[in-house]
Each structure stands twice: as structure tokens, then as C-alpha cells.
Amino acid sequence: MKHTLFILAIIYSLGILLGTLLKIGFILIYILASVSLVFSYLWQRSSPVCSISSYILIFLLGIAAAVNARILPKCHISQYLWQGKDSCITVQGFIASQPYVKYNQTSFVFKTQKIFLGHAVAKSCGNILVKLKAQGDWLYGDRLIITGCIYRPFRLGNLRRGGYREYLARQGTYSLMSPIAIRRFPGSDKKQGCILKRFALNLKLKIEGIFDQYLSPLAASILEAMILGERRDIPILINNAMIKSGTVHILVVSGFNVGIVSSLIILLLKLLRLSRRTIIFTTIPLLALYCLITGASVPVVRATVMAGVFILAYLFKREPDIYNSCGLAALFILAVNPQQLFDVGFQLSFLSVLSIVYFSDRLQSFWRIPALKSKPLKFLIDSCFVSFSAWLGTMGPVAYYFQIFSPVTVLANLFVASLAVLITFCGFALVAAGLACPFLAPLFARSNELLVTLLVKINLFLVRLPAAYFCFS
Amino acid sequence: MFNLTRQERQVIIFLSCAALIGLGVNYLKKISPPFKTFIRCDNHLYRINLNQATETDLLSVQLISLKLARSIIAYRNSQGQFSSLEQLKEVKGIRGSRYEKIKELFFIE
């Protein structure tokens, strides 16, 4: 079959959808899936029967994964929410995310290992989102003992997107904590967590330091968003203007950025005249490292898996199928966390890629673009079609979730996306210069400042055009 | 159109089998540990010894400022070691509600 993985991803997603909507027992689904597996194995020789049975098996696996994701372990920290608002608990564990400070408030995800109640201690698991009004020198992996009140997240925010509580639940966090005491684990400086993630986060801090040192606060905030996926410092006015023009996707690290990074890595490695095999086996780990630096959000994981498939296809001299690589990326993400299916980022990321692939080719054939002789004109029309296709595919979900309809998106993306490519290249040049030869860094910093100013001005101009966007609320 | 090749079917069966085993093990792990197996633990693990606390230890409590931490240490140096947690109330800046909130974080030894 032509798009096997794509069809399997759709069937698996339908299973997750049904498993989430219906309250089905895990054991029942597990038995049904096991029966289906045995049936598929026994009827291997009969093509149609085994194919149907395999599809049913994947569907049941989707349901089982969704049901299993809802079940929390008995020692999960959220089981202690009954402690009430005024009662405090003490937990021991380690910081599982990069702590970030905004308006003098520090937040981080804390992975619990032990819970202390009175004079007793018990094993616990699960994450808590810790929020405290103080600044500390904590880092990913630090072992801490925290005392505070735990409570359930509020159901505020955009309820069409599920609200804040559901958003956190999809990330695996079911409770918040306001600490009254935080101290390091006595007698141990040993850090916990993934070594690779710690290395990636340290590198991220270094790059943030370079941006902050050489750029103005506005340019640094935009570069940090575009290259590192860190959006916390972006001025709210700029962020809103980007949402209205439909170009906010450049302020998050997405497939677009991963594409630029992978081509940049391949270009640099080619300049070193390395062999094709070396280039490929160096590019894939570097892309995985970049994925970790940017926080491994859904669009980045999707783009990294797809880029990996494309690069490996290049190695084996096979024609990569974009639908299948998309399906593989979706299966990979949903196997790790089935709840990501309901994440807006997941839906928009896959919808935009699929609509670009589906509509762009058809539009080009319809208008007979391949027959054009002028290359710049062909490139311009191609870019227009890509932008239009992405807009067409994501228009519905964007209108539903964000209550905004932006006809200016197609035009805005032509200018803003082109500038974003230049900014990303200059940003990486600034990072390289900042690390290797700091005397060259101010030169790239000036180019970045100019490009960011242009980006902001063009975006503001486009948003002010008549009928640029319509808000429903 | 939806017919799978023999190789595709074999790969699906193998991966589904692995996924099913993984799901089963994960489910058993989730339901197996008893809800609460509390054991008695040492105070040092989760509380601060008021008679040995340094300025840094005291500052780890969000409700204690630098000034208050210095006051506690000054009180301990002038009055000798604390004999009960109630003595904390005699430190300037620690009264009713604050005392109630922080008393659980300390112990006397």
C-alpha cells in the first residue's frame, strides 16, 4: 500500500479519540486487542482478513493507550490533593524542567520521589508545577525538598482549548504547589535527570546569554523565540500583532525552523567536504540535540522525525513519502503521549504540513506553474501557493480555537517568513561568532537588529491594512 | 487499496505485540504499588534543626527574610540554644500566624 503509516496513524488516532470519549475498562480492551493480535497472527496467509484484523488491532491499541494514559499510579502525587487548601506536605524530588523567572515569580516542574506526612515517609511519583515568588539559582536536575500546599490547577483560560487544567494534564502535571520552604537535599550535590537534557539546557542558557549580551531586549526576545523556542520575553503587543497577521508560527520553533537548521548543518558539513554517510550520521544527532534545546515541543518533534526520515531516505537512495513520514511522526508522538492528539499545537502542526502537501501540488498543476520559464516568478508563485495552502488547512481550527480570521496571512507570510529565514541564519551566525570569535559578534548583532526591526514594522503595517483580520470575540 | 503486503503485516503484528506487552506492564506497574506504605523517618530528612540552622537554611523558608534569619541566629547566640519551638515566638518578627505556618518546618535537638 502507498501510504501505510499515514493510514495507521489515522486509525490509531481514531482509537485514541474513542478511548477518550468513552469510559471503557482497560482490561476489556486489552483482552480484545490480544484476541485481535492472535487472530492476525493465525490468518497471516490470508491477505484481506489479516489486513482488516491488523487495522482493528491498531484501533484497539489506540483505545488501550488512551485509557491507560488516564489511569494514574496509586502513589501519584495528585492522590494527595485531599490534603486540602491549608494543609501542607513535604516532597522530595528533583527539578524536571528549566526554571524560568517572570515578574519575580519562578516556575518549574518538580518530579516527586518521596512524600513526608507528619513523621512518616512514603514513595511517590508524578510531577508538580511549582510556582514561588522568589528567585533562586536552581537548575534542571537539582535535588530539593519542598514544603508547601498542593492544589488542583484552575479551569481558566480558553475552554475551547480545554482550559489550563487540561493543558497541564496533557503535559503530565495534575497539581500545583505554592512552597513555603525550599531547600537542597542535604549532603548531596549529585544532580538527577537526563544528562543529555542537562547538556542541552546548559547550551540553551549559554545561547540566551549571547543574545542578551549583544542584542537589544526586543531583538533578543524575538531571536530567543525563533531559535530557542523561548517566548516568555516577547512584548505582548508584538505577540498580538503576529497572531492577528497569522505569522505567530515563526515565533515558536516549528518545522520551518528545523528545516532551516537541518539545511544549515548539512551546508556547513558539506563545506568541510565530509562524506555523505558522515554528514547524515552527524546531522541526525545534532537535530535531536536541537530538539532537546528547544524543549521538544510537538511541532519540533514532528519536524525532527520527518527530517530524520528524509535524511535516511537520502542515505538509502529511496524516494521519501511525505505522508508516511508524517504518519510515522504522529505515531511516535502519540505512542509516547496519546493525549497530545487534543493539543492545538499537534493539530495545527500536522494540518499545515498535510494541507501544504495536498493543496500546493494541485494548485501548481492546475495553474501549470512547472511550465513557467522565469525562475524568480516561479519561486514567487510557489511561495504564494505554500502560504495559501497552509492558511487553507489551518483556517478552520484557528478560527475555532483563537476566534480570529486573518485574510492578510497569505500576504504576511510571504514577507515575514522570508525575513524569518534571514533572521534565523543571522541568529545562528551570531551564536557561532559569540562562542568562537566574540569580536565578530557585534557585526552579526547589527544585522539581526536591522532584520528584526524590519520584521516588526512590516508586520505592524500589514495588520493595519483594511480587512486584515476579523476577531469574533 | 487498503490491502497490506505480507511484510507490512508482519511488522504490524510484531510492533503491536511489543506495544501490547508494554501497555500491560505499564498498567500492572500503575495498579500494583499499595496506596500508602508510610514508614517512620528521621526528622533531619525533611525538617531543619533550629539549633544548628545556618542563615542559608533559614532563608530556604519563604516566610523568613534575611533580617528575620539574622534575628533568629542573634537570639540563639544571646539566649543559648532553643529548648522548645515555642521560644521562636520570642524572636522579634515571629508572631501568631507566621509561627503557626513555620513551626512544622523546624525541630529541636
# chains A, B, ... in the order shown; residues from 1 in each chain; ligands from 1
>>> residues_around(residues="A:Ala288", least_positions_apart="6", cutoff="9 Å", atoms="only C-alpha atoms", output="PyMOL selection string")
chain A and resi 296+301+304-305
>>> select_by_dssp(residues="chain B", states="strand (DSSP E)", output="ChimeraX atom specification")
/B:39-40,48-49,106-107
>>> residues_around(residues="stretch 98-104 of chain B", least_positions_apart="2", cutoff="8 Å", atoms="only C-alpha atoms", output="ChimeraX atom specification")
/B:47,61,63,85,88-89,94-96,106-107
>>> write_last_selection(atoms="N, CA, C and O atoms", output="CSV table (one decimal), in the first residue's frame")
chain,number,residue,atom,x,y,z
B,47,ARG,N,13.1,18.3,58.0
B,47,ARG,CA,12.9,19.4,58.8
B,47,ARG,C,14.3,20.1,59.1
B,47,ARG,O,15.3,19.4,58.9
B,61,VAL,N,13.3,29.0,53.9
B,61,VAL,CA,11.9,29.1,54.3
B,61,VAL,C,11.4,30.4,53.7
B,61,VAL,O,12.0,31.5,54.0
B,63,LEU,N,9.0,32.3,54.2
B,63,LEU,CA,8.4,33.3,55.1
B,63,LEU,C,9.4,33.9,56.0
B,63,LEU,O,9.1,34.8,56.8
B,85,LEU,N,10.1,24.8,70.5
B,85,LEU,CA,9.7,25.6,69.3
B,85,LEU,C,9.0,26.9,69.7
B,85,LEU,O,9.0,27.9,69.0
B,88,LEU,N,10.4,30.4,69.6
B,88,LEU,CA,10.5,31.1,68.4
B,88,LEU,C,9.7,32.4,68.5
B,88,LEU,O,10.0,33.4,67.9
B,89,LYS,N,8.6,32.3,69.2
B,89,LYS,CA,7.7,33.5,69.3
B,89,LYS,C,8.3,34.7,70.0
B,89,LYS,O,7.9,35.8,69.8
B,94,ILE,N,8.3,37.3,64.7
B,94,ILE,CA,7.6,36.0,64.6
B,94,ILE,C,6.4,36.0,65.6
B,94,ILE,O,6.7,35.9,66.8
B,95,ARG,N,5.3,36.2,65.1
B,95,ARG,CA,4.1,36.2,66.0
B,95,ARG,C,3.1,35.2,65.4
B,95,ARG,O,3.3,34.5,64.4
B,96,GLY,N,1.9,35.1,66.1
B,96,GLY,CA,0.9,34.2,65.8
B,96,GLY,C,0.9,33.4,64.5
B,96,GLY,O,1.3,32.3,64.4
B,106,PHE,N,10.5,23.1,61.5
B,106,PHE,CA,11.7,23.0,62.4
B,106,PHE,C,11.5,21.9,63.4
B,106,PHE,O,10.4,21.5,63.7
B,107,PHE,N,12.6,21.5,64.0
B,107,PHE,CA,12.6,20.6,65.1
B,107,PHE,C,13.8,21.0,66.0
B,107,PHE,O,14.7,21.7,65.6
>>> residues_around(residues="A:Ile58", least_positions_apart="4", cutoff="12 Å", atoms="only C-alpha atoms", output="ChimeraX atom specification")
/A:5,7-16,29-30,32-34,36-37,40,51-54,62-65,331,335 /B:9,12-17,19-20
>>> closest_atom_pairs(of="chain A", to="chain B", cutoff="6 Å", atoms="only C-alpha atoms", output="Markdown table")
| residue | atom | partner | partner_atom | distance |
| --- | --- | --- | --- | --- |
| A:Met1 | CA | B:Leu4 | CA | 5.9 |
| A:Ser51 | CA | B:Leu4 | CA | 5.6 |
| A:Pro73 | CA | B:Lys30 | CA | 4.2 |
| A:Lys74 | CA | B:Phe35 | CA | 5.1 |
| A:Cys75 | CA | B:Phe35 | CA | 5.8 |
| A:His119 | CA | B:Arg40 | CA | 5.8 |
| A:Ala120 | CA | B:Arg40 | CA | 4.4 |
| A:Val121 | CA | B:Phe38 | CA | 5.1 |
| A:Ala122 | CA | B:Phe38 | CA | 4.6 |
| A:Ile180 | CA | B:Gln62 | CA | 5.0 |
| A:Ala181 | CA | B:Val61 | CA | 3.9 |
| A:Ile182 | CA | B:Ser60 | CA | 5.1 |
| A:Arg183 | CA | B:Ser60 | CA | 5.3 |
>>> select_by_dssp(residues="stretch 212-308 of chain A", states="alpha helix (DSSP H)", output="MDAnalysis selection string")
chainID A and resid 212:214 217:228 236:245 255:271 276:293 298:308
>>> write_last_selection(atoms="C-alpha atoms", output="mmCIF file, in the first residue's frame")
data_model
loop_
_atom_site.group_PDB
_atom_site.id
_atom_site.type_symbol
_atom_site.label_atom_id
_atom_site.label_comp_id
_atom_site.auth_asym_id
_atom_site.auth_seq_id
_atom_site.Cartn_x
_atom_site.Cartn_y
_atom_site.Cartn_z
ATOM 1 C CA ASP A 212 21.193 39.165 25.885
ATOM 2 C CA GLN A 213 24.780 40.420 25.687
ATOM 3 C CA TYR A 214 24.840 41.604 22.084
ATOM 4 C CA PRO A 217 15.833 43.412 24.655
ATOM 5 C CA LEU A 218 13.311 43.348 21.750
ATOM 6 C CA ALA A 219 15.672 41.701 19.248
ATOM 7 C CA ALA A 220 16.936 39.273 21.924
ATOM 8 C CA SER A 221 13.363 38.226 22.828
ATOM 9 C CA ILE A 222 12.464 37.584 19.167
ATOM 10 C CA LEU A 223 15.704 35.692 18.465
ATOM 11 C CA GLU A 224 15.206 33.577 21.622
ATOM 12 C CA ALA A 225 11.690 32.701 20.425
ATOM 13 C CA MET A 226 12.722 31.914 16.847
ATOM 14 C CA ILE A 227 15.865 29.928 17.609
ATOM 15 C CA LEU A 228 15.308 28.541 21.106
ATOM 16 C CA ILE A 236 2.587 41.387 24.345
ATOM 17 C CA LEU A 237 1.881 43.973 21.600
ATOM 18 C CA ILE A 238 4.274 42.292 19.165
ATOM 19 C CA ASN A 239 2.876 38.860 20.045
ATOM 20 C CA ASN A 240 -0.721 40.046 19.450
ATOM 21 C CA ALA A 241 0.221 41.675 16.142
ATOM 22 C CA MET A 242 1.808 38.400 14.988
ATOM 23 C CA ILE A 243 -1.320 36.439 15.985
ATOM 24 C CA LYS A 244 -3.512 38.874 14.041
ATOM 25 C CA SER A 245 -1.379 38.592 10.903
ATOM 26 C CA GLY A 255 9.096 22.540 11.247
ATOM 27 C CA PHE A 256 10.075 25.747 9.476
ATOM 28 C CA ASN A 257 12.959 26.336 11.923
ATOM 29 C CA VAL A 258 14.008 22.666 11.971
ATOM 30 C CA GLY A 259 14.142 22.770 8.155
ATOM 31 C CA ILE A 260 16.425 25.806 8.245
ATOM 32 C CA VAL A 261 18.628 24.273 10.949
ATOM 33 C CA SER A 262 18.997 20.959 9.123
ATOM 34 C CA SER A 263 19.870 22.656 5.827
ATOM 35 C CA LEU A 264 22.343 24.880 7.696
ATOM 36 C CA ILE A 265 24.014 21.849 9.320
ATOM 37 C CA ILE A 266 24.191 19.948 6.008
ATOM 38 C CA LEU A 267 25.577 23.025 4.240
ATOM 39 C CA LEU A 268 28.304 23.502 6.855
ATOM 40 C CA LEU A 269 29.228 19.811 6.831
ATOM 41 C CA LYS A 270 29.362 19.827 3.020
ATOM 42 C CA LEU A 271 31.751 22.775 3.166
ATOM 43 C CA ARG A 276 27.667 11.631 2.578
ATOM 44 C CA ARG A 277 27.436 8.962 5.307
ATOM 45 C CA THR A 278 29.337 11.141 7.831
ATOM 46 C CA ILE A 279 27.135 14.134 7.022
ATOM 47 C CA ILE A 280 23.984 12.075 7.629
ATOM 48 C CA PHE A 281 25.149 10.443 10.846
ATOM 49 C CA THR A 282 26.286 13.844 12.193
ATOM 50 C CA THR A 283 23.130 15.714 11.168
ATOM 51 C CA ILE A 284 20.633 13.377 12.867
ATOM 52 C CA PRO A 285 22.156 13.601 16.411
ATOM 53 C CA LEU A 286 22.611 17.367 16.005
ATOM 54 C CA LEU A 287 18.919 17.707 15.073
ATOM 55 C CA ALA A 288 17.971 15.609 18.119
ATOM 56 C CA LEU A 289 20.110 17.899 20.284
ATOM 57 C CA TYR A 290 18.386 20.955 18.775
ATOM 58 C CA CYS A 291 15.027 19.294 19.519
ATOM 59 C CA LEU A 292 16.056 18.963 23.200
ATOM 60 C CA ILE A 293 17.353 22.543 23.370
ATOM 61 C CA VAL A 298 5.182 18.693 19.346
ATOM 62 C CA PRO A 299 5.990 20.653 16.131
ATOM 63 C CA VAL A 300 9.730 20.251 16.723
ATOM 64 C CA VAL A 301 9.471 16.504 17.398
ATOM 65 C CA ARG A 302 7.276 16.143 14.304
ATOM 66 C CA ALA A 303 9.731 18.067 12.159
ATOM 67 C CA THR A 304 12.761 16.264 13.629
ATOM 68 C CA VAL A 305 11.271 12.809 12.937
ATOM 69 C CA MET A 306 10.301 13.878 9.413
ATOM 70 C CA ALA A 307 13.738 15.374 8.777
ATOM 71 C CA GLY A 308 15.315 12.132 10.050
#
